[in-house]
Amino acid sequence: MEDAVCQLLENKEDISQYGIARFFTEYFNSVCQGTHILFREFSFIQATPHNRASFLRAFWRCFRTVGKNGDLLTMKEYHCLLQLLCPDFPLELTQKAARIVLMDDAMDCLMSFSDFLLAFQIQFYYSEFLESVAAIYQDLLSGKNPNTVIVPTSSSGQHRQRPALGEASTLEGVEASLFCQCLENLCDRHKYSCPPPALVKEVLSNVQRLTFYGFLVALSKHHGINQALGALPDKGDLMHDPAMDAELERLLAQIPGLVNPVTAGPEASCLPSRPPPRVGSPWRPLHHARKVDAESDGSTEETDESET
């Protein structure tokens, strides 16, 4: 409501031509449809869980064709796509999402759209929760128990929390059961969005030990967590969006002489897979006209460099 009033005051001269009632109707219709976050500042798109889910859904729908065409992009290229929808989107969040996919690989490696999207969903929607999880993980690695109020005095407790040097070289990550206890307490007291505790427990119950990024990978691939968040379809359906396909087909049909990739015949499948997406990619005509000059140079340069 505060944002609606701010928008009203900033555009009162234009709004006065067609009335305040119509403005509020259109504004809240856009909120219901999830389009109110397009081309807005980062502080706005991350302000509420609804805004975050709307941004995830918008990113998927706008750039789904990248995955449908089988293109693999680098972290910088995905960041350019994010900036088309949110010009000040922070690079750090994109890097963290890419790290979930790439793990120990170099950050300039190529990623599929579906892998990046599911990792980005976890990192973006649960960003504050994951910061707290990272702190707990580091405490456990250093031998501290974040749930402990009184410092244990028994040598057995110290040995359990601080493996000997020989053990440390063979053990990786932290004990899953102890990690699970800490995360259950975190979910109970955390004021930001967090995954359903039952699903977190299910993820951790399948292993004895795990690393921080191993935990994030498991979250990103978990079918139940994706359903609970509700922003994206199942991984198998990420490339299917009949409503958007129909709209694209309608728009492309209005362009004379353009081959429609949605309805093209089987002979089109014999063409090379890489060049066509750059011609028929849907994100070029979808981004806001005011953002072209500000963003196109950076995104085109990064994409061109990756192909060379």
# chains A, B, ... in the order shown; residues from 1 in each chain; ligands from 1

call {"tool": "select_by_dssp", "arguments": {"residues": "region 13-253 of chain A", "states": "strand (DSSP E or B)", "output": "ChimeraX atom specification"}}
result
/A:72-73,111-112,174-175,209-210

call {"tool": "write_last_selection", "arguments": {"atoms": "all heavy atoms", "output": "PDB file, in the first residue's frame"}}
result
ATOM      1  N   LEU A  72      23.721 -22.844 -22.990  1.00  0.00           N
ATOM      2  CA  LEU A  72      24.444 -22.831 -21.718  1.00  0.00           C
ATOM      3  C   LEU A  72      25.090 -21.458 -21.571  1.00  0.00           C
ATOM      4  O   LEU A  72      25.776 -20.991 -22.486  1.00  0.00           O
ATOM      5  CB  LEU A  72      25.508 -23.928 -21.682  1.00  0.00           C
ATOM      6  CG  LEU A  72      25.015 -25.362 -21.882  1.00  0.00           C
ATOM      7  CD1 LEU A  72      26.195 -26.328 -21.902  1.00  0.00           C
ATOM      8  CD2 LEU A  72      24.032 -25.759 -20.803  1.00  0.00           C
ATOM      9  N   LEU A  73      24.885 -20.815 -20.430  1.00  0.00           N
ATOM     10  CA  LEU A  73      25.407 -19.467 -20.218  1.00  0.00           C
ATOM     11  C   LEU A  73      26.328 -19.430 -19.012  1.00  0.00           C
ATOM     12  O   LEU A  73      26.292 -20.301 -18.147  1.00  0.00           O
ATOM     13  CB  LEU A  73      24.253 -18.476 -20.012  1.00  0.00           C
ATOM     14  CG  LEU A  73      23.200 -18.377 -21.128  1.00  0.00           C
ATOM     15  CD1 LEU A  73      22.170 -17.310 -20.772  1.00  0.00           C
ATOM     16  CD2 LEU A  73      23.835 -18.090 -22.467  1.00  0.00           C
ATOM     17  N   MET A 111      26.493 -23.004 -17.536  1.00  0.00           N
ATOM     18  CA  MET A 111      25.442 -23.645 -16.750  1.00  0.00           C
ATOM     19  C   MET A 111      24.162 -23.712 -17.572  1.00  0.00           C
ATOM     20  O   MET A 111      23.872 -22.810 -18.355  1.00  0.00           O
ATOM     21  CB  MET A 111      25.164 -22.845 -15.468  1.00  0.00           C
ATOM     22  CG  MET A 111      26.303 -22.777 -14.487  1.00  0.00           C
ATOM     23  SD  MET A 111      25.925 -21.629 -13.116  1.00  0.00           S
ATOM     24  CE  MET A 111      26.272 -20.054 -13.919  1.00  0.00           C
ATOM     25  N   SER A 112      23.383 -24.771 -17.361  1.00  0.00           N
ATOM     26  CA  SER A 112      22.087 -24.852 -18.003  1.00  0.00           C
ATOM     27  C   SER A 112      21.111 -23.914 -17.289  1.00  0.00           C
ATOM     28  O   SER A 112      21.297 -23.564 -16.117  1.00  0.00           O
ATOM     29  CB  SER A 112      21.553 -26.289 -17.964  1.00  0.00           C
ATOM     30  OG  SER A 112      21.178 -26.645 -16.639  1.00  0.00           O
ATOM     31  N   VAL A 174      30.127 -31.411   8.172  1.00  0.00           N
ATOM     32  CA  VAL A 174      29.725 -31.507   9.569  1.00  0.00           C
ATOM     33  C   VAL A 174      28.761 -32.671   9.731  1.00  0.00           C
ATOM     34  O   VAL A 174      28.215 -33.197   8.762  1.00  0.00           O
ATOM     35  CB  VAL A 174      29.055 -30.202  10.038  1.00  0.00           C
ATOM     36  CG1 VAL A 174      30.019 -29.029   9.937  1.00  0.00           C
ATOM     37  CG2 VAL A 174      27.783 -29.922   9.242  1.00  0.00           C
ATOM     38  N   GLU A 175      28.546 -33.048  10.987  1.00  0.00           N
ATOM     39  CA  GLU A 175      27.634 -34.142  11.282  1.00  0.00           C
ATOM     40  C   GLU A 175      26.194 -33.703  10.993  1.00  0.00           C
ATOM     41  O   GLU A 175      25.711 -32.693  11.495  1.00  0.00           O
ATOM     42  CB  GLU A 175      27.776 -34.541  12.750  1.00  0.00           C
ATOM     43  CG  GLU A 175      26.946 -35.737  13.153  1.00  0.00           C
ATOM     44  CD  GLU A 175      27.110 -36.056  14.621  1.00  0.00           C
ATOM     45  OE1 GLU A 175      28.144 -35.665  15.209  1.00  0.00           O
ATOM     46  OE2 GLU A 175      26.197 -36.683  15.189  1.00  0.00           O
ATOM     47  N   ARG A 209      27.064 -37.034   7.006  1.00  0.00           N
ATOM     48  CA  ARG A 209      27.821 -35.790   7.031  1.00  0.00           C
ATOM     49  C   ARG A 209      27.560 -35.044   5.728  1.00  0.00           C
ATOM     50  O   ARG A 209      27.237 -35.658   4.702  1.00  0.00           O
ATOM     51  CB  ARG A 209      29.334 -36.028   7.187  1.00  0.00           C
ATOM     52  CG  ARG A 209      29.719 -36.805   8.432  1.00  0.00           C
ATOM     53  CD  ARG A 209      31.236 -36.892   8.540  1.00  0.00           C
ATOM     54  NE  ARG A 209      31.840 -35.589   8.811  1.00  0.00           N
ATOM     55  CZ  ARG A 209      31.968 -35.064  10.039  1.00  0.00           C
ATOM     56  NH1 ARG A 209      31.538 -35.747  11.107  1.00  0.00           N
ATOM     57  NH2 ARG A 209      32.531 -33.894  10.213  1.00  0.00           N
ATOM     58  N   LEU A 210      27.699 -33.722   5.767  1.00  0.00           N
ATOM     59  CA  LEU A 210      27.530 -32.959   4.532  1.00  0.00           C
ATOM     60  C   LEU A 210      28.230 -31.619   4.648  1.00  0.00           C
ATOM     61  O   LEU A 210      28.510 -31.139   5.753  1.00  0.00           O
ATOM     62  CB  LEU A 210      26.057 -32.758   4.209  1.00  0.00           C
ATOM     63  CG  LEU A 210      25.277 -31.625   4.904  1.00  0.00           C
ATOM     64  CD1 LEU A 210      23.940 -31.427   4.213  1.00  0.00           C
ATOM     65  CD2 LEU A 210      25.078 -31.910   6.382  1.00  0.00           C
TER      66      LEU A 210
END

call {"tool": "residues_around", "arguments": {"residues": "His36 (chain A)", "least_positions_apart": "2", "cutoff": "12 Å", "atoms": "only C-alpha atoms", "output": "PyMOL selection string"}}
result
chain A and resi 3-4+7+26-34+38-41+44-45+50-55+57-58+85-86

call {"tool": "residues_around", "arguments": {"residues": "Ser193 (chain A)", "least_positions_apart": "5", "cutoff": "8 Å", "atoms": "only C-alpha atoms", "output": "list in words"}}
result
Pro49, Tyr125, Tyr126, Glu128 and Phe129 of chain A

call {"tool": "select_by_dssp", "arguments": {"residues": "region 50-206 of chain A", "states": "alpha helix (DSSP H)", "output": "PyMOL selection string"}}
result
chain A and resi 50-68+75-85+91-102+113-125+127-141+155-161+165-170+176-189+197-204

call {"tool": "write_last_selection", "arguments": {"atoms": "C-alpha atoms", "output": "CSV table (one decimal), in the first residue's frame"}}
result
chain,number,residue,atom,x,y,z
A,50,HIS,CA,5.3,-12.3,-2.7
A,51,ASN,CA,7.7,-9.9,-4.5
A,52,ARG,CA,10.5,-12.4,-4.5
A,53,ALA,CA,8.3,-15.2,-5.8
A,54,SER,CA,6.9,-12.8,-8.5
A,55,PHE,CA,10.5,-11.9,-9.6
A,56,LEU,CA,11.4,-15.6,-9.8
A,57,ARG,CA,8.3,-16.3,-11.9
A,58,ALA,CA,9.0,-13.3,-14.2
A,59,PHE,CA,12.6,-14.4,-14.7
A,60,TRP,CA,11.5,-17.9,-15.6
A,61,ARG,CA,8.8,-16.8,-18.0
A,62,CYS,CA,11.0,-14.1,-19.7
A,63,PHE,CA,14.0,-16.3,-20.3
A,64,ARG,CA,12.6,-19.8,-20.4
A,65,THR,CA,13.5,-20.0,-24.1
A,66,VAL,CA,17.2,-19.9,-23.1
A,67,GLY,CA,16.7,-23.3,-21.6
A,68,LYS,CA,14.3,-24.5,-24.2
A,75,MET,CA,27.4,-16.5,-14.5
A,76,LYS,CA,28.0,-13.1,-16.0
A,77,GLU,CA,25.5,-13.7,-18.8
A,78,TYR,CA,22.8,-14.8,-16.3
A,79,HIS,CA,23.5,-11.7,-14.3
A,80,CYS,CA,22.9,-9.6,-17.4
A,81,LEU,CA,19.5,-11.3,-17.8
A,82,LEU,CA,18.7,-10.5,-14.2
A,83,GLN,CA,19.6,-6.9,-14.7
A,84,LEU,CA,17.2,-6.6,-17.6
A,85,LEU,CA,14.4,-7.1,-15.1
A,91,LEU,CA,26.3,-9.4,-8.6
A,92,GLU,CA,27.0,-11.1,-5.2
A,93,LEU,CA,23.6,-12.9,-5.2
A,94,THR,CA,24.2,-14.2,-8.8
A,95,GLN,CA,27.7,-15.4,-7.8
A,96,LYS,CA,26.3,-17.3,-4.8
A,97,ALA,CA,23.7,-19.0,-6.9
A,98,ALA,CA,26.3,-20.0,-9.5
A,99,ARG,CA,28.5,-21.4,-6.8
A,100,ILE,CA,25.7,-23.8,-5.8
A,101,VAL,CA,25.7,-25.2,-9.4
A,102,LEU,CA,29.5,-25.0,-10.1
A,113,PHE,CA,19.1,-22.6,-17.4
A,114,SER,CA,17.2,-25.1,-15.2
A,115,ASP,CA,20.2,-25.7,-13.0
A,116,PHE,CA,20.9,-22.0,-12.5
A,117,LEU,CA,17.2,-21.2,-12.0
A,118,LEU,CA,16.6,-23.7,-9.3
A,119,ALA,CA,19.8,-22.7,-7.4
A,120,PHE,CA,19.0,-19.0,-7.9
A,121,GLN,CA,15.5,-19.7,-6.4
A,122,ILE,CA,17.0,-21.0,-3.2
A,123,GLN,CA,19.6,-18.4,-2.9
A,124,PHE,CA,17.3,-15.4,-3.7
A,125,TYR,CA,14.2,-16.4,-1.8
A,127,SER,CA,18.9,-15.4,1.3
A,128,GLU,CA,18.7,-14.2,5.0
A,129,PHE,CA,18.1,-17.8,6.2
A,130,LEU,CA,21.1,-19.1,4.2
A,131,GLU,CA,23.3,-16.4,5.8
A,132,SER,CA,22.3,-17.7,9.2
A,133,VAL,CA,22.9,-21.3,8.1
A,134,ALA,CA,26.4,-20.4,6.9
A,135,ALA,CA,27.2,-19.0,10.3
A,136,ILE,CA,26.0,-22.1,12.0
A,137,TYR,CA,28.0,-24.3,9.6
A,138,GLN,CA,31.2,-22.4,10.3
A,139,ASP,CA,30.6,-22.7,14.1
A,140,LEU,CA,30.2,-26.4,13.8
A,141,LEU,CA,33.3,-26.7,11.7
A,155,SER,CA,36.8,-34.7,27.0
A,156,SER,CA,34.4,-36.9,25.1
A,157,GLY,CA,32.3,-33.9,24.2
A,158,GLN,CA,35.4,-32.0,23.0
A,159,HIS,CA,36.5,-35.0,21.0
A,160,ARG,CA,33.1,-35.3,19.3
A,161,GLN,CA,33.1,-31.6,18.4
A,165,LEU,CA,44.0,-34.0,12.9
A,166,GLY,CA,44.0,-37.4,11.4
A,167,GLU,CA,40.2,-37.6,11.5
A,168,ALA,CA,39.8,-34.1,10.1
A,169,SER,CA,41.7,-35.1,6.9
A,170,THR,CA,39.3,-37.9,6.2
A,176,ALA,CA,24.2,-34.1,9.7
A,177,SER,CA,22.2,-34.9,12.9
A,178,LEU,CA,23.8,-32.0,14.8
A,179,PHE,CA,23.4,-29.7,11.9
A,180,CYS,CA,19.7,-30.7,11.7
A,181,GLN,CA,19.2,-29.8,15.4
A,182,CYS,CA,20.7,-26.4,14.9
A,183,LEU,CA,18.6,-25.7,11.8
A,184,GLU,CA,15.4,-26.8,13.6
A,185,ASN,CA,16.0,-24.2,16.3
A,186,LEU,CA,16.9,-21.6,13.6
A,187,CYS,CA,13.6,-22.2,11.8
A,188,ASP,CA,11.7,-21.8,15.0
A,189,ARG,CA,13.1,-18.4,15.8
A,197,PRO,CA,11.4,-27.6,8.8
A,198,ALA,CA,10.0,-31.1,8.0
A,199,LEU,CA,11.6,-30.9,4.5
A,200,VAL,CA,14.9,-29.6,5.8
A,201,LYS,CA,14.9,-32.6,8.2
A,202,GLU,CA,14.1,-34.9,5.3
A,203,VAL,CA,17.1,-33.6,3.3
A,204,LEU,CA,19.5,-34.1,6.3

call {"tool": "closest_residue", "arguments": {"among": "A:Val217, A:Leu8, A:Met239, A:Leu248", "to": "Asn69 (chain A)", "atoms": "only C-alpha atoms"}}
result
A:Met239

call {"tool": "residues_around", "arguments": {"residues": "Asp234 (chain A)", "least_positions_apart": "2", "cutoff": "12 Å", "atoms": "only C-alpha atoms", "output": "list in words"}}
result
Ser114, Leu117, Leu118, Ser220, Lys221, His222, His223, Gly224, Ile225, Asn226, Gln227, Ala228, Leu229, Gly230, Ala231, Leu232, Gly236, Asp237, Leu238, Met239, His240 and Asp241 of chain A

call {"tool": "write_last_selection", "arguments": {"atoms": "C-alpha atoms", "output": "short mmCIF file (atom, residue, chain, number, x, y, z; two decimals), in the first residue's frame"}}
result
data_model
loop_
_atom_site.label_atom_id
_atom_site.label_comp_id
_atom_site.auth_asym_id
_atom_site.auth_seq_id
_atom_site.Cartn_x
_atom_site.Cartn_y
_atom_site.Cartn_z
CA SER A 114 17.22 -25.09 -15.24
CA LEU A 117 17.23 -21.17 -12.01
CA LEU A 118 16.62 -23.73 -9.26
CA SER A 220 17.70 -26.68 -4.78
CA LYS A 221 16.94 -30.17 -6.12
CA HIS A 222 14.25 -31.05 -3.58
CA HIS A 223 10.85 -31.39 -5.23
CA GLY A 224 8.92 -30.64 -2.02
CA ILE A 225 10.78 -27.41 -1.28
CA ASN A 226 10.14 -26.16 -4.81
CA GLN A 227 6.45 -26.95 -4.39
CA ALA A 228 6.28 -25.28 -0.97
CA LEU A 229 7.81 -22.11 -2.37
CA GLY A 230 5.32 -22.13 -5.23
CA ALA A 231 7.07 -19.76 -7.64
CA LEU A 232 8.26 -22.26 -10.26
CA GLY A 236 10.46 -31.38 -15.74
CA ASP A 237 7.97 -28.63 -16.64
CA LEU A 238 10.33 -25.64 -16.58
CA MET A 239 10.45 -25.48 -20.38
CA HIS A 240 6.65 -25.61 -20.75
CA ASP A 241 4.49 -22.49 -20.47
#

call {"tool": "residues_around", "arguments": {"residues": "Thr74 (chain A)", "least_positions_apart": "5", "cutoff": "7 Å", "atoms": "only C-alpha atoms", "output": "ChimeraX atom specification"}}
result
/A:108-111

call {"tool": "write_last_selection", "arguments": {"atoms": "N, CA and C atoms", "output": "CSV table (one decimal), in the first residue's frame"}}
result
chain,number,residue,atom,x,y,z
A,108,ASP,N,33.5,-19.1,-14.4
A,108,ASP,CA,33.2,-18.8,-15.8
A,108,ASP,C,32.7,-20.0,-16.6
A,109,CYS,N,32.5,-21.1,-15.9
A,109,CYS,CA,32.0,-22.3,-16.5
A,109,CYS,C,30.5,-22.1,-17.0
A,110,LEU,N,30.1,-22.9,-18.0
A,110,LEU,CA,28.7,-22.8,-18.5
A,110,LEU,C,27.7,-23.5,-17.6
A,111,MET,N,26.5,-23.0,-17.5
A,111,MET,CA,25.4,-23.6,-16.7
A,111,MET,C,24.2,-23.7,-17.6
